[in-house]
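Structure data follow from coords.txt (compact mmCIF, C-alpha atoms):
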```txt
# COMPACT_ATOMS: atom_id res chain seq x y z
CA MET Z 1 0.00 0.00 0.00
CA ALA Z 2 1.22 3.52 -0.80
CA ALA Z 3 2.80 5.59 1.95
CA GLN Z 4 0.44 8.10 3.47
CA PRO Z 5 2.15 11.49 3.61
CA SER Z 6 1.75 13.36 6.84
CA PRO Z 7 -0.65 16.32 6.61
CA LEU Z 8 1.11 19.68 6.59
CA PRO Z 9 -1.19 22.66 7.07
CA GLY Z 10 -0.58 25.86 5.15
CA PRO Z 11 1.18 28.79 6.81
CA LEU Z 12 4.71 28.36 8.09
CA GLU Z 13 3.84 29.68 11.55
CA GLU Z 14 1.12 27.06 12.01
CA ARG Z 15 3.47 24.30 11.00
CA VAL Z 16 6.23 25.58 13.29
CA ASP Z 17 3.69 25.69 16.10
CA LEU Z 18 2.62 22.09 15.56
CA VAL Z 19 6.24 20.96 15.43
CA PHE Z 20 7.02 22.81 18.66
CA GLY Z 21 4.03 21.29 20.42
CA ALA Z 22 4.96 17.84 19.23
CA LEU Z 23 8.56 18.18 20.40
CA ALA Z 24 7.72 19.72 23.76
CA ASP Z 25 7.07 16.28 25.24
CA PRO Z 26 10.00 14.02 26.27
CA THR Z 27 8.08 10.83 25.46
CA ARG Z 28 7.48 12.05 21.90
CA ARG Z 29 11.14 12.97 21.51
CA HIS Z 30 12.02 9.49 22.74
CA LEU Z 31 9.59 7.99 20.21
CA MET Z 32 11.34 9.97 17.44
CA GLU Z 33 14.63 8.58 18.65
CA LEU Z 34 13.24 5.02 18.50
CA LEU Z 35 11.78 5.62 15.02
CA ALA Z 36 15.13 6.97 13.80
CA ALA Z 37 16.72 3.72 14.94
CA GLU Z 38 13.92 1.49 13.67
CA PRO Z 39 11.94 2.83 10.70
CA GLY Z 40 8.66 1.01 10.16
CA ALA Z 41 8.01 0.29 13.85
CA THR Z 42 4.44 -0.30 15.03
CA ALA Z 43 2.68 1.28 18.00
CA THR Z 44 2.67 -2.15 19.67
CA GLY Z 45 6.39 -2.65 19.06
CA LEU Z 46 7.20 0.82 20.38
CA ALA Z 47 5.01 0.35 23.47
CA ALA Z 48 6.95 -2.82 24.34
CA THR Z 49 10.09 -0.74 24.94
CA LEU Z 50 8.34 2.02 26.91
CA PRO Z 51 6.64 2.16 30.30
CA ILE Z 52 3.37 3.37 28.69
CA SER Z 53 0.40 1.65 27.03
CA ARG Z 54 -0.03 1.04 23.31
CA GLN Z 55 -2.94 3.53 23.37
CA ALA Z 56 -0.71 6.22 24.86
CA VAL Z 57 1.95 5.54 22.22
CA ALA Z 58 -0.69 5.76 19.47
CA LYS Z 59 -1.83 9.13 20.81
CA HIS Z 60 1.72 10.49 20.80
CA LEU Z 61 2.29 9.13 17.28
CA LYS Z 62 -0.89 10.88 16.11
CA LEU Z 63 0.47 14.24 17.33
CA LEU Z 64 3.85 13.62 15.71
CA HIS Z 65 2.03 12.70 12.49
CA GLU Z 66 -0.04 15.90 12.62
CA ALA Z 67 3.17 17.90 13.02
CA GLY Z 68 4.55 16.20 9.91
CA LEU Z 69 7.42 14.64 11.85
CA VAL Z 70 6.24 11.07 11.41
CA SER Z 71 4.62 9.37 8.41
CA SER Z 72 2.68 6.14 8.43
CA ARG Z 73 1.77 3.36 6.05
CA ARG Z 74 -0.44 0.34 6.56
CA ARG Z 75 0.52 -3.31 6.50
CA GLY Z 76 -2.62 -5.36 6.97
CA ARG Z 77 -4.25 -4.18 10.17
CA GLU Z 78 -1.12 -2.49 11.47
CA ALA Z 79 0.24 0.99 10.85
CA LEU Z 80 4.00 1.25 10.35
CA PHE Z 81 5.61 4.51 11.41
CA GLU Z 82 8.65 6.33 10.10
CA LEU Z 83 10.43 9.54 10.93
CA ASP Z 84 9.84 12.29 8.36
CA PRO Z 85 12.65 14.84 8.47
CA GLU Z 86 11.05 17.41 6.15
CA PRO Z 87 9.91 19.88 8.86
CA LEU Z 88 13.41 19.64 10.31
CA GLY Z 89 14.84 20.71 6.96
CA GLU Z 90 12.60 23.78 6.96
CA ALA Z 91 13.94 24.78 10.37
CA VAL Z 92 17.51 24.35 9.20
CA ALA Z 93 16.82 26.55 6.14
CA TRP Z 94 15.37 29.31 8.36
CA ILE Z 95 18.38 29.19 10.70
CA GLY Z 96 20.75 29.31 7.73
CA SER Z 97 19.23 32.34 6.01
CA VAL Z 98 18.56 34.33 9.21
CA GLY Z 99 22.06 33.57 10.53
CA THR Z 100 23.73 34.63 7.28
CA GLU Z 101 21.81 37.90 7.29
CA TRP Z 102 22.93 38.72 10.87
CA ASP Z 103 26.53 37.82 10.08
CA ARG Z 104 26.47 40.31 7.22
CA SER Z 105 24.73 43.15 9.03
CA LEU Z 106 26.77 42.75 12.25
CA ALA Z 107 29.98 42.90 10.19
CA GLY Z 108 28.64 46.20 8.84
CA LEU Z 109 27.97 47.43 12.39
CA GLN Z 110 31.51 46.51 13.43
CA ARG Z 111 32.91 48.50 10.49
CA LEU Z 112 30.64 51.45 11.26
CA LEU Z 113 31.74 51.61 14.92
CA ALA Z 114 35.42 51.11 14.10
CA ARG Z 115 35.46 54.32 12.05
CA MET H 1 25.37 8.65 15.53
CA VAL H 2 21.78 8.76 14.34
CA LEU H 3 20.79 10.14 17.73
CA VAL H 4 23.40 12.87 17.58
CA GLN H 5 22.15 13.91 14.14
CA LEU H 6 18.55 13.74 15.21
CA PHE H 7 19.06 15.88 18.29
CA GLY H 8 21.15 18.28 16.25
CA CYS H 9 18.16 18.73 13.95
CA VAL H 10 15.64 18.79 16.76
CA SER H 11 17.42 21.54 18.68
CA ASN H 12 17.48 23.60 15.50
CA LEU H 13 13.72 23.32 15.51
CA ALA H 14 13.56 25.95 18.19
CA HIS H 15 14.15 28.33 15.26
CA THR H 16 16.61 30.47 17.15
CA VAL H 17 19.65 32.26 15.82
CA LYS H 18 22.12 33.77 18.26
CA ARG H 19 25.16 35.89 17.46
CA THR H 20 27.61 37.75 19.67
CA VAL H 21 30.02 40.42 18.42
CA LEU H 22 32.60 42.56 20.18
CA LEU H 23 32.40 46.20 19.18
CA ASP H 24 35.16 48.74 19.42
CA ALA H 25 32.98 51.42 21.03
CA ASP H 26 31.44 52.19 24.39
CA PRO H 27 27.86 51.02 25.18
CA THR H 28 26.43 54.52 24.65
CA ALA H 29 27.78 54.67 21.09
CA VAL H 30 26.54 51.13 20.43
CA TRP H 31 23.09 52.02 21.76
CA GLU H 32 23.01 54.98 19.40
CA ALA H 33 23.91 52.74 16.46
CA LEU H 34 21.00 50.47 17.47
CA THR H 35 18.38 53.18 17.86
CA ASP H 36 19.28 56.07 15.52
CA GLU H 37 17.57 55.80 12.12
CA ALA H 38 20.49 57.29 10.18
CA LEU H 39 23.01 54.93 11.82
CA LEU H 40 20.70 51.90 11.48
CA SER H 41 20.42 52.70 7.78
CA GLU H 42 24.18 52.16 7.54
CA TRP H 43 24.24 48.59 8.82
CA LEU H 44 20.81 46.99 9.38
CA ALA H 45 19.09 47.77 6.10
CA SER H 46 19.42 50.37 3.36
CA GLU H 47 16.66 52.47 4.92
CA VAL H 48 15.39 52.14 8.49
CA GLU H 49 12.59 53.94 10.30
CA LEU H 50 12.43 53.30 14.03
CA ASP H 51 10.45 54.77 16.87
CA PRO H 52 12.52 53.39 19.78
CA ARG H 53 9.70 53.22 22.31
CA GLU H 54 7.67 50.21 23.44
CA GLY H 55 4.96 49.77 20.81
CA GLY H 56 6.92 51.98 18.39
CA GLU H 57 7.04 51.17 14.70
CA LEU H 58 9.98 49.70 12.81
CA VAL H 59 10.28 49.70 9.02
CA CYS H 60 13.32 48.25 7.25
CA ARG H 61 13.76 48.57 3.52
CA PHE H 62 16.39 46.32 2.01
CA GLU H 63 18.43 46.62 -1.17
CA ASP H 64 16.57 43.72 -2.78
CA GLY H 65 13.26 45.58 -2.37
CA GLU H 66 12.02 43.72 0.72
CA GLU H 67 10.15 45.93 3.17
CA ARG H 68 10.07 44.44 6.65
CA ARG H 69 7.72 45.92 9.22
CA GLY H 70 7.92 45.41 12.94
CA GLU H 71 7.06 46.69 16.38
CA VAL H 72 9.24 47.49 19.36
CA ALA H 73 8.46 45.25 22.35
CA VAL H 74 11.00 46.21 25.01
CA VAL H 75 13.30 49.21 25.50
CA GLU H 76 15.80 49.20 28.36
CA GLU H 77 17.93 52.26 27.73
CA ALA H 78 21.51 51.38 26.69
CA GLU H 79 20.96 47.73 27.68
CA ARG H 80 18.31 45.91 25.70
CA LEU H 81 16.03 46.45 22.73
CA ALA H 82 13.54 43.81 21.64
CA PHE H 83 11.19 43.93 18.68
CA THR H 84 9.19 41.67 16.41
CA TRP H 85 9.29 41.86 12.65
CA HIS H 86 7.80 39.99 9.76
CA ARG H 87 10.19 38.42 7.28
CA THR H 88 8.72 38.15 3.79
CA ASP H 89 9.97 34.59 3.39
CA GLY H 90 10.36 33.46 6.98
CA GLY H 91 7.27 34.51 8.90
CA GLU H 92 7.15 36.53 12.11
CA SER H 93 10.04 36.48 14.52
CA SER H 94 11.21 38.31 17.61
CA VAL H 95 14.62 39.92 17.83
CA GLU H 96 16.50 40.87 20.96
CA TRP H 97 19.61 43.06 21.09
CA ILE H 98 21.53 42.92 24.36
CA VAL H 99 24.31 45.43 25.07
CA ASP H 100 27.01 44.62 27.65
CA ALA H 101 30.05 46.69 28.60
CA VAL H 102 33.23 44.61 28.52
CA ALA H 103 36.87 45.49 29.28
CA ASP H 104 37.84 46.72 25.81
CA GLY H 105 34.53 47.78 24.30
CA THR H 106 30.99 46.47 24.10
CA ARG H 107 29.53 43.05 23.54
CA LEU H 108 26.36 42.91 21.47
CA THR H 109 24.24 39.77 21.52
CA VAL H 110 21.55 39.24 18.91
CA ILE H 111 18.88 36.58 19.39
CA GLU H 112 16.22 36.03 16.76
CA THR H 113 13.46 33.51 17.39
CA ALA H 114 10.65 32.52 15.06
CA THR H 115 7.26 33.16 16.59
CA PRO H 116 4.88 30.20 16.54
CA ALA H 117 1.38 31.56 15.92
CA GLY H 118 -0.73 29.06 17.83
CA PRO H 119 -3.66 30.43 19.83
CA MET H 120 -2.27 29.30 23.18
CA LEU H 121 1.13 30.87 22.61
CA ALA H 122 -0.33 34.00 21.03
CA ALA H 123 -2.49 34.55 24.11
CA ALA H 124 0.54 34.14 26.35
CA GLY H 125 2.21 37.20 24.81
CA TRP H 126 5.64 37.74 23.39
CA ALA H 127 7.96 37.64 26.38
CA PRO H 128 6.75 34.41 28.01
CA ARG H 129 6.80 32.84 24.59
CA LEU H 130 10.44 33.66 24.11
CA GLY H 131 11.12 32.31 27.58
CA SER H 132 9.34 29.06 26.86
CA LEU H 133 11.22 28.69 23.59
CA ARG H 134 14.46 29.07 25.49
CA LEU H 135 13.34 26.47 28.02
CA LEU H 136 12.41 24.15 25.19
CA LEU H 137 15.75 24.70 23.52
CA GLY H 138 17.52 24.04 26.81
CA ARG H 139 15.64 20.80 27.31
CA LEU H 140 16.34 19.66 23.77
CA VAL H 141 20.03 20.38 24.12
CA LEU H 142 20.14 18.45 27.39
CA ALA H 143 18.03 15.57 26.06
```

Representation of the structure as structure tokens:
Amino acid sequence: MAAQPSPLPGPLEERVDLVFGALADPTRRHLMELLAAEPGATATGLAATLPISRQAVAKHLKLLHEAGLVSSRRRGREALFELDPEPLGEAVAWIGSVGTEWDRSLAGLQRLLAR
Amino acid sequence: MVLVQLFGCVSNLAHTVKRTVLLDADPTAVWEALTDEALLSEWLASEVELDPREGGELVCRFEDGEERRGEVAVVEEAERLAFTWHRTDGGESSVEWIVDAVADGTRLTVIETATPAGPMLAAAGWAPRLGSLRLLLGRLVLA
């Protein structure tokens, strides 16, 4: 069955907000860590390594999926989860362009004040 | 290895850029360069309008034609200026300039943080939001 892409809502700020919310929880960050190590894990498989129920894991995975950080595909009755790094790439692009701009303008400020 | 890469990416998700520069001038001269329209127009953008009061307007016009509008959030004379602005291609963010006197001049710290626009965070206001982003960043770095 085809992979189901995670839903990414429109404006950048909304997406950033969802990503922040998803990452604010240590259990969800731990789940991302587990998914990075084992792509295609199931909620049941993930729950086996954590001190929380399968239902709790599924709830966390749903939030990660809504933030676009995790994608899922189905195999029979089970959903297989994978880490989706695309929102992370967007963050890196923002940091790169904003950082470059400050480097340039602060160099200008240093020149201005050295005169 | 994967974990190191993942947490590297995840901490970047806080959408924060921080820069520190040492300036060969005293804090008063630096503060002037941060708040005087004519001086700002020499380093921040090609044309800058700034009303350096809380709630005051900021307009930056750049060489490439971008016009970036913002609003002053905090003014602590000769110490700290914070404002929000709206990047054409990067959404809204908050910027903080912190001025510190050091032995041989002045240290300027710039922190820019993207502003998530969720209803909960929007209701909480700008300053607590920045604080919570810092806490989040701290936790992610420690994770």

Expected answer as a PyMOL selection string: chain Z residues within 10 Å of chain H, only C-alpha atoms: chain Z and resi 11-21+23-26+29-30+32-34+36-37+85+87-115

When distances are computed from all atoms listed in the file, which of Z:Ala58, Z:Phe81, Z:Arg75, Z:Gly68 shows the smallest separation from Thr27 (chain Z)?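 Ranked by minimum distance to Thr27 (chain Z), first place goes to Z:Ala58.
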
One decimal, Å: what's the distance from CA of Val48 (chain H) over to CA of Thr106 (chain H), could you say? 22.8 Å

Separating CA of His86 (chain H) from CA of Ala73 (chain H), to the nearest tenth of an Å, is a gap of 13.7 Å

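Among H:Trp97, H:Ala38, H:Trp31, H:Phe83, the residue with the shortest atom-to-atom distance to Gly56 (chain H), counting all atoms listed in the file, is H:Phe83.
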
Padding of 3 Å on every side, edges along x, y and z, all listed atoms of region 25-33 of chain H included: what centre and edge lengths in Å, to one decimal, does that box have, as AutoDock Vina command-line options?
```
--center_x 28.0 --center_y 53.0 --center_z 20.8 --size_x 16.0 --size_y 10.0 --size_z 14.7
```

Could you tell me how far CA of Glu38 (chain Z) lies from CA of Arg54 (chain Z), in Å and to one decimal?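 Rounded to one decimal, the two atoms are 17.0 Å apart.
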
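Close contacts of region 57-62 of chain H, defined as residues with an atom at most 7 Å away when counting all atoms listed in the file, with chain neighbours fewer than 6 positions off set aside, comprise Ala45, Ser46, Glu47, Val48, Glu49, Leu50, Asp51, Arg68, Arg69, Gly70, Glu71 and Val72 of chain H.
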
May I have the selected residues written with C-alpha atoms, as a PDB file, in the frame of the given file?
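Now in part-v8.pdb:
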```
ATOM      1  CA  ALA H  45      19.090  47.770   6.100  1.00  0.00           C
ATOM      2  CA  SER H  46      19.420  50.370   3.360  1.00  0.00           C
ATOM      3  CA  GLU H  47      16.660  52.470   4.920  1.00  0.00           C
ATOM      4  CA  VAL H  48      15.390  52.140   8.490  1.00  0.00           C
ATOM      5  CA  GLU H  49      12.590  53.940  10.300  1.00  0.00           C
ATOM      6  CA  LEU H  50      12.430  53.300  14.030  1.00  0.00           C
ATOM      7  CA  ASP H  51      10.450  54.770  16.870  1.00  0.00           C
ATOM      8  CA  ARG H  68      10.070  44.440   6.650  1.00  0.00           C
ATOM      9  CA  ARG H  69       7.720  45.920   9.220  1.00  0.00           C
ATOM     10  CA  GLY H  70       7.920  45.410  12.940  1.00  0.00           C
ATOM     11  CA  GLU H  71       7.060  46.690  16.380  1.00  0.00           C
ATOM     12  CA  VAL H  72       9.240  47.490  19.360  1.00  0.00           C
TER      13      VAL H  72
END
```
